[in-house]
Amino acid sequence: MSIVKINALTVPAEQREVLERRFASRAGAVEGSDGFEWFELLRPVEGTDQYLVYTRWRSEEDFQAWMEGPMKAAHQGGGGEGGAAGAAGAGAERPKPAASASTVWSFEVVQQAAPKKA
């Protein structure tokens, strides 16, 4: 079954809009990556300042290939794949990260269910 990666980003209130805008304008390379299955950016409602970036992958190998390829290039070269660093134009000064901390959690999917069809 699939694997899930959750990146817990600590985002100060004044940076929430910046983070969401950066994710909205990301290059989109993740959607075309081999083994990619799902993405969600989860905004905290109450009790925390952590956004959760949820991605699901066919395998750990597929996730690692994305990390070493498109994700790494986007964050180093300013391609704008979202995340804590966000986007910067080519040759532009890198913007300040919107998140003040980041922790990645890894899970294996051992059970899953979808809505029943009527």
# chains A, B, ... in the order shown; residues from 1 in each chain; ligands from 1
>>> select_by_dssp(residues="chain A", states="strand (DSSP E or B)", output="ChimeraX atom specification")
/A:3-10,36-42,50-57,79,87,101-108
>>> closest_residue(among="A:Gly28, A:Ala65, A:Pro97, A:Ile3", to="Val109 (chain A)", atoms="only C-alpha atoms")
A:Ile3
>>> residues_around(residues="Met1 (chain A)", least_positions_apart="3", cutoff="10 Å", atoms="only C-alpha atoms", output="VMD selection string")
chain A and resid 57 to 59 108 to 112
>>> atom_distance(atom1="CA of Met71 (chain A)", atom2="CA of Arg56 (chain A)")
14.8 Å
>>> closest_residue(among="A:Phe63, A:Ser25, A:Trp105, A:Val45", to="Ala8 (chain A)", atoms="only C-alpha atoms")
A:Trp105
>>> closest_residue(among="A:Val4, A:Leu41, A:Ala114, A:Leu52", to="Arg22 (chain A)", atoms="only C-alpha atoms")
A:Leu41
>>> atom_distance(atom1="CA of Lys117 (chain A)", atom2="CA of Phe36 (chain A)")
25.1 Å
>>> select_by_dssp(residues="chain A", states="helix (DSSP H, G or I)", output="ChimeraX atom specification")
/A:13-24,29-32,60-77
>>> residues_around(residues="region 13-17 of chain A", least_positions_apart="2", cutoff="8 Å", atoms="only C-alpha atoms", output="ChimeraX atom specification")
/A:11,19-21,49,98-99
>>> closest_residue(among="A:Ala24, A:Ala113, A:Glu31, A:Thr10", to="Thr55 (chain A)", atoms="only C-alpha atoms")
A:Glu31
